>>> print(open('data_21.tsv').read())   # TSV, N, CA and C atoms
chain	number	residue	atom	x	y	z
I	1	MET	N	15.96	162.87	7.82
I	1	MET	CA	17.29	162.42	7.43
I	1	MET	C	17.72	163.21	6.20
I	2	MET	N	18.98	163.56	6.16
I	2	MET	CA	19.56	164.31	5.05
I	2	MET	C	20.72	163.50	4.47
I	3	VAL	N	21.05	163.79	3.21
I	3	VAL	CA	22.21	163.16	2.58
I	3	VAL	C	22.96	164.23	1.78
I	4	ALA	N	24.28	164.24	1.92
I	4	ALA	CA	25.13	165.19	1.21
I	4	ALA	C	26.07	164.43	0.28
I	5	THR	N	26.26	164.95	-0.94
I	5	THR	CA	27.18	164.33	-1.90
I	5	THR	C	28.38	165.25	-2.11
I	6	PHE	N	29.49	164.66	-2.56
I	6	PHE	CA	30.76	165.38	-2.62
I	6	PHE	C	31.53	165.11	-3.90
I	7	ALA	N	32.43	166.02	-4.23
I	7	ALA	CA	33.31	165.88	-5.39
I	7	ALA	C	34.44	164.89	-5.12
I	8	ASN	N	34.82	164.74	-3.84
I	8	ASN	CA	35.89	163.79	-3.49
I	8	ASN	C	35.74	163.32	-2.04
I	9	HIS	N	36.49	162.28	-1.71
I	9	HIS	CA	36.40	161.68	-0.36
I	9	HIS	C	36.85	162.64	0.73
I	10	TYR	N	37.83	163.46	0.42
I	10	TYR	CA	38.33	164.42	1.41
I	10	TYR	C	37.22	165.37	1.86
I	11	GLY	N	36.41	165.84	0.91
I	11	GLY	CA	35.28	166.72	1.24
I	11	GLY	C	34.29	166.03	2.16
I	12	ALA	N	34.05	164.74	1.92
I	12	ALA	CA	33.14	163.97	2.77
I	12	ALA	C	33.68	163.87	4.19
I	13	MET	N	34.98	163.66	4.32
I	13	MET	CA	35.59	163.54	5.65
I	13	MET	C	35.55	164.88	6.40
I	14	ILE	N	35.79	165.98	5.71
I	14	ILE	CA	35.70	167.31	6.34
I	14	ILE	C	34.28	167.55	6.83
I	15	PHE	N	33.29	167.22	5.98
I	15	PHE	CA	31.89	167.40	6.33
I	15	PHE	C	31.54	166.61	7.58
I	16	LYS	N	31.96	165.35	7.63
I	16	LYS	CA	31.67	164.48	8.78
I	16	LYS	C	32.24	165.09	10.06
I	17	LYS	N	33.44	165.62	9.98
I	17	LYS	CA	34.07	166.23	11.15
I	17	LYS	C	33.28	167.46	11.63
I	18	LYS	N	32.78	168.27	10.70
I	18	LYS	CA	32.01	169.46	11.06
I	18	LYS	C	30.66	169.11	11.67
I	19	VAL	N	29.99	168.10	11.10
I	19	VAL	CA	28.66	167.71	11.60
I	19	VAL	C	28.77	166.98	12.93
I	20	GLY	N	29.77	166.12	13.06
I	20	GLY	CA	29.99	165.39	14.32
I	20	GLY	C	29.16	164.12	14.42
I	21	THR	N	28.79	163.76	15.64
I	21	THR	CA	28.05	162.52	15.85
I	21	THR	C	26.72	162.57	15.11
I	22	GLY	N	26.30	161.44	14.66
I	22	GLY	CA	25.06	161.38	13.90
I	22	GLY	C	25.28	161.50	12.40
I	23	CYS	N	26.52	161.65	11.98
I	23	CYS	CA	26.86	161.71	10.56
I	23	CYS	C	27.58	160.43	10.17
I	24	ILE	N	27.05	159.74	9.17
I	24	ILE	CA	27.63	158.46	8.75
I	24	ILE	C	28.00	158.54	7.27
I	25	LEU	N	29.24	158.17	6.93
I	25	LEU	CA	29.66	158.13	5.54
I	25	LEU	C	29.27	156.77	4.96
I	26	ARG	N	28.68	156.80	3.76
I	26	ARG	CA	28.20	155.59	3.09
I	26	ARG	C	28.37	155.74	1.58
I	27	PRO	N	28.20	154.63	0.85
I	27	PRO	CA	28.17	154.76	-0.61
I	27	PRO	C	26.95	155.58	-1.04
I	28	VAL	N	27.07	156.30	-2.13
I	28	VAL	CA	25.98	157.14	-2.63
I	28	VAL	C	24.85	156.25	-3.16
I	29	PRO	N	23.61	156.56	-2.80
I	29	PRO	CA	22.48	155.80	-3.35
I	29	PRO	C	22.45	155.90	-4.89
I	30	ARG	N	21.99	154.87	-5.55
I	30	ARG	CA	21.96	154.85	-7.02
I	30	ARG	C	21.12	155.98	-7.60
I	31	ALA	N	20.12	156.43	-6.88
I	31	ALA	CA	19.25	157.51	-7.38
I	31	ALA	C	19.97	158.85	-7.48
I	32	LEU	N	21.11	158.98	-6.80
I	32	LEU	CA	21.90	160.22	-6.81
I	32	LEU	C	23.23	159.94	-7.49
I	33	SER	N	23.80	160.93	-8.13
I	33	SER	CA	25.12	160.76	-8.71
I	33	SER	C	26.13	161.54	-7.88
I	34	SER	N	27.33	161.05	-7.83
I	34	SER	CA	28.39	161.74	-7.09
I	34	SER	C	29.72	161.43	-7.74
I	35	SER	N	30.60	162.40	-7.73
I	35	SER	CA	31.92	162.21	-8.34
I	35	SER	C	32.75	161.18	-7.60
I	36	CYS	N	32.64	161.15	-6.26
I	36	CYS	CA	33.53	160.28	-5.50
I	36	CYS	C	32.88	158.99	-5.04
I	37	GLY	N	31.57	158.90	-5.05
I	37	GLY	CA	30.90	157.68	-4.62
I	37	GLY	C	30.64	157.59	-3.14
I	38	THR	N	31.06	158.60	-2.37
I	38	THR	CA	30.83	158.63	-0.93
I	38	THR	C	29.86	159.76	-0.61
I	39	CYS	N	28.92	159.47	0.28
I	39	CYS	CA	27.99	160.51	0.72
I	39	CYS	C	27.93	160.49	2.24
I	40	ALA	N	27.30	161.50	2.81
I	40	ALA	CA	27.14	161.59	4.26
I	40	ALA	C	25.65	161.63	4.58
I	41	PHE	N	25.20	160.68	5.39
I	41	PHE	CA	23.84	160.70	5.91
I	41	PHE	C	23.91	161.35	7.29
I	42	PHE	N	22.99	162.29	7.55
I	42	PHE	CA	22.98	162.96	8.84
I	42	PHE	C	21.58	163.43	9.16
I	43	GLU	N	21.35	163.68	10.43
I	43	GLU	CA	20.07	164.23	10.87
I	43	GLU	C	20.11	165.74	10.69
I	44	GLY	N	19.04	166.31	10.17
I	44	GLY	CA	18.96	167.75	9.91
I	44	GLY	C	18.94	168.53	11.20
I	45	PRO	N	18.95	169.81	11.11
I	45	PRO	CA	18.87	170.60	9.89
I	45	PRO	C	20.24	170.81	9.26
I	46	PHE	N	20.23	171.11	7.97
I	46	PHE	CA	21.46	171.44	7.26
I	46	PHE	C	21.84	172.87	7.61
I	47	LYS	N	23.11	173.08	7.91
I	47	LYS	CA	23.62	174.42	8.25
I	47	LYS	C	24.69	174.83	7.24
I	48	THR	N	24.72	176.09	6.88
I	48	THR	CA	25.70	176.56	5.89
I	48	THR	C	27.14	176.45	6.40
I	49	GLU	N	27.33	176.36	7.71
I	49	GLU	CA	28.70	176.19	8.21
I	49	GLU	C	29.27	174.80	7.91
I	50	TYR	N	28.42	173.88	7.45
I	50	TYR	CA	28.87	172.54	7.04
I	50	TYR	C	29.50	172.56	5.64
I	51	VAL	N	29.27	173.62	4.88
I	51	VAL	CA	29.70	173.69	3.49
I	51	VAL	C	31.22	173.75	3.38
I	52	ASN	N	31.77	172.97	2.45
I	52	ASN	CA	33.16	173.09	2.05
I	52	ASN	C	33.19	173.06	0.53
I	53	GLU	N	34.33	173.37	-0.07
I	53	GLU	CA	34.41	173.50	-1.52
I	53	GLU	C	34.13	172.20	-2.27
I	54	ASN	N	34.15	171.07	-1.59
I	54	ASN	CA	33.93	169.78	-2.24
I	54	ASN	C	32.49	169.28	-2.12
I	55	LEU	N	31.66	170.01	-1.40
I	55	LEU	CA	30.25	169.63	-1.26
I	55	LEU	C	29.55	169.89	-2.59
I	56	GLU	N	28.86	168.87	-3.11
I	56	GLU	CA	28.11	169.05	-4.36
I	56	GLU	C	26.67	169.45	-4.09
I	57	ALA	N	25.97	168.67	-3.26
I	57	ALA	CA	24.55	168.94	-3.00
I	57	ALA	C	24.12	168.29	-1.70
I	58	VAL	N	22.99	168.79	-1.17
I	58	VAL	CA	22.37	168.22	0.03
I	58	VAL	C	20.91	167.92	-0.31
I	59	TYR	N	20.47	166.74	0.07
I	59	TYR	CA	19.11	166.29	-0.20
I	59	TYR	C	18.41	165.92	1.10
I	60	GLU	N	17.10	166.17	1.12
I	60	GLU	CA	16.28	165.69	2.22
I	60	GLU	C	15.68	164.36	1.77
I	61	VAL	N	15.83	163.33	2.60
I	61	VAL	CA	15.31	162.01	2.27
I	61	VAL	C	13.85	161.95	2.67
I	62	GLN	N	13.01	161.62	1.70
I	62	GLN	CA	11.57	161.49	1.94
I	62	GLN	C	11.13	160.14	1.39
I	63	GLY	N	11.14	159.14	2.26
I	63	GLY	CA	10.85	157.78	1.83
I	63	GLY	C	11.96	157.30	0.92
I	64	GLU	N	11.61	157.00	-0.34
I	64	GLU	CA	12.61	156.58	-1.33
I	64	GLU	C	12.96	157.70	-2.29
I	65	LYS	N	12.51	158.92	-2.00
I	65	LYS	CA	12.80	160.07	-2.85
I	65	LYS	C	13.78	161.01	-2.16
I	66	TYR	N	14.51	161.76	-3.00
I	66	TYR	CA	15.50	162.71	-2.51
I	66	TYR	C	15.14	164.09	-3.03
I	67	ASN	N	14.89	165.03	-2.13
I	67	ASN	CA	14.52	166.40	-2.46
I	67	ASN	C	15.74	167.28	-2.29
I	68	LYS	N	16.27	167.85	-3.38
I	68	LYS	CA	17.46	168.69	-3.30
I	68	LYS	C	17.11	169.99	-2.58
I	69	ILE	N	17.87	170.30	-1.52
I	69	ILE	CA	17.63	171.52	-0.77
I	69	ILE	C	18.80	172.51	-0.87
I	70	TYR	N	19.96	172.00	-1.35
I	70	TYR	CA	21.14	172.87	-1.47
I	70	TYR	C	22.03	172.34	-2.57
I	71	GLU	N	22.55	173.26	-3.39
I	71	GLU	CA	23.52	172.90	-4.43
I	71	GLU	C	24.65	173.89	-4.37
I	72	ASN	N	25.88	173.39	-4.37
I	72	ASN	CA	27.07	174.21	-4.26
I	72	ASN	C	27.64	174.50	-5.63
>>> encode(input="data_21.tsv", output="structure tokens")
Amino acid sequence: MMVATFANHYGAMIFKKKVGTGCILRPVPRALSSSCGTCAFFEGPFKTEYVNENLEAVYEVQGEKYNKIYEN
């Protein structure tokens, strides 16, 4: 499972549209910070074509830990 954070809600919506089914928008977990408070949970792998200017970071979920794999 992966989670992406964004600078604003619009970026989260664009990301969801690019990823398609299997992408769910949710509030950002407390362990991560985000400007807009919305994140996208999705099944990997992360692809660079998902990137938009509002994407802040992508993390791989490992139990209760988040491993940063991409920063914009």
>>> atom_distance(input="data_21.tsv", atom1="atom N of Asn8 of chain I", atom2="atom C of Gln62 of chain I")
24.7 Å
>>> closest_residue(input="data_21.tsv", among="I:Tyr50, I:Tyr66, I:Met1, I:Val28", to="Lys16 of chain I", atoms="all atoms listed in the file")
I:Tyr50
>>> residues_around(input="data_21.tsv", residues="segment 58-61 of chain I", least_positions_apart="4", cutoff="6.5 Å", atoms="all atoms listed in the file", output="list in words")
Met1, Met2, Val3, Ala4, Thr5, Lys65, Tyr66, Asn67, Lys68, Ile69, Tyr70, Glu71 and Asn72 of chain I
>>> write_last_selection(input="data_21.tsv", atoms="N, CA and C atoms", output="mmCIF file, in the coordinates of the input")
data_model
loop_
_atom_site.group_PDB
_atom_site.id
_atom_site.type_symbol
_atom_site.label_atom_id
_atom_site.label_comp_id
_atom_site.auth_asym_id
_atom_site.auth_seq_id
_atom_site.Cartn_x
_atom_site.Cartn_y
_atom_site.Cartn_z
ATOM 1 N N MET I 1 15.960 162.870 7.820
ATOM 2 C CA MET I 1 17.290 162.420 7.430
ATOM 3 C C MET I 1 17.720 163.210 6.200
ATOM 4 N N MET I 2 18.980 163.560 6.160
ATOM 5 C CA MET I 2 19.560 164.310 5.050
ATOM 6 C C MET I 2 20.720 163.500 4.470
ATOM 7 N N VAL I 3 21.050 163.790 3.210
ATOM 8 C CA VAL I 3 22.210 163.160 2.580
ATOM 9 C C VAL I 3 22.960 164.230 1.780
ATOM 10 N N ALA I 4 24.280 164.240 1.920
ATOM 11 C CA ALA I 4 25.130 165.190 1.210
ATOM 12 C C ALA I 4 26.070 164.430 0.280
ATOM 13 N N THR I 5 26.260 164.950 -0.940
ATOM 14 C CA THR I 5 27.180 164.330 -1.900
ATOM 15 C C THR I 5 28.380 165.250 -2.110
ATOM 16 N N LYS I 65 12.510 158.920 -2.000
ATOM 17 C CA LYS I 65 12.800 160.070 -2.850
ATOM 18 C C LYS I 65 13.780 161.010 -2.160
ATOM 19 N N TYR I 66 14.510 161.760 -3.000
ATOM 20 C CA TYR I 66 15.500 162.710 -2.510
ATOM 21 C C TYR I 66 15.140 164.090 -3.030
ATOM 22 N N ASN I 67 14.890 165.030 -2.130
ATOM 23 C CA ASN I 67 14.520 166.400 -2.460
ATOM 24 C C ASN I 67 15.740 167.280 -2.290
ATOM 25 N N LYS I 68 16.270 167.850 -3.380
ATOM 26 C CA LYS I 68 17.460 168.690 -3.300
ATOM 27 C C LYS I 68 17.110 169.990 -2.580
ATOM 28 N N ILE I 69 17.870 170.300 -1.520
ATOM 29 C CA ILE I 69 17.630 171.520 -0.770
ATOM 30 C C ILE I 69 18.800 172.510 -0.870
ATOM 31 N N TYR I 70 19.960 172.000 -1.350
ATOM 32 C CA TYR I 70 21.140 172.870 -1.470
ATOM 33 C C TYR I 70 22.030 172.340 -2.570
ATOM 34 N N GLU I 71 22.550 173.260 -3.390
ATOM 35 C CA GLU I 71 23.520 172.900 -4.430
ATOM 36 C C GLU I 71 24.650 173.890 -4.370
ATOM 37 N N ASN I 72 25.880 173.390 -4.370
ATOM 38 C CA ASN I 72 27.070 174.210 -4.260
ATOM 39 C C ASN I 72 27.640 174.500 -5.630
#
>>> atom_distance(input="data_21.tsv", atom1="atom CA of Ser33 of chain I", atom2="atom CA of Gly20 of chain I")
24.0 Å
>>> residues_around(input="data_21.tsv", residues="Thr38 of chain I", least_positions_apart="3", cutoff="6.5 Å", atoms="only N, CA and C atoms", output="list in words")
Ala4, Thr5, Phe6, His9, Ala12, Leu25, Arg26, Pro27, Val28, Ser34 and Ser35 of chain I
>>> select_by_dssp(input="data_21.tsv", residues="chain I", states="alpha helix (DSSP H)", output="PyMOL selection string")
chain I and resi 9-19
>>> closest_residue(input="data_21.tsv", among="I:Ala7, I:Leu32, I:Met13, I:Val19", to="Glu56 of chain I", atoms="only N, CA and C atoms")
I:Ala7
>>> atom_distance(input="data_21.tsv", atom1="atom CA of Gly63 of chain I", atom2="atom CA of Lys18 of chain I")
25.9 Å
>>> residues_around(input="data_21.tsv", residues="Asn52 of chain I", least_positions_apart="6", cutoff="8 Å", atoms="all atoms listed in the file", output="MDAnalysis selection string")
chainID I and resid 11 14:15 72
>>> select_by_dssp(input="data_21.tsv", residues="segment 1-65 of chain I", states="strand (DSSP E or B)", output="list in words")
Met2, Val3, Ala4, Thr5, Phe6, Cys23, Ile24, Leu25, Arg26, Pro27, Thr38, Cys39, Ala40, Phe41, Phe42, Leu55, Glu56, Ala57, Val58, Tyr59, Glu60, Val61, Gln62 and Lys65 of chain I
>>> axis_aligned_box(input="data_21.tsv", around="segment 47-57 of chain I", padding_each_side="4 Å", output="AutoDock Vina command-line options")
--center_x 28.8 --center_y 172.4 --center_z 1.9 --size_x 19.3 --size_y 16.3 --size_z 20.6
>>> residues_around(input="data_21.tsv", residues="Cys23 of chain I", least_positions_apart="5", cutoff="6 Å", atoms="all atoms listed in the file", output="PyMOL selection string")
chain I and resi 16+41-43
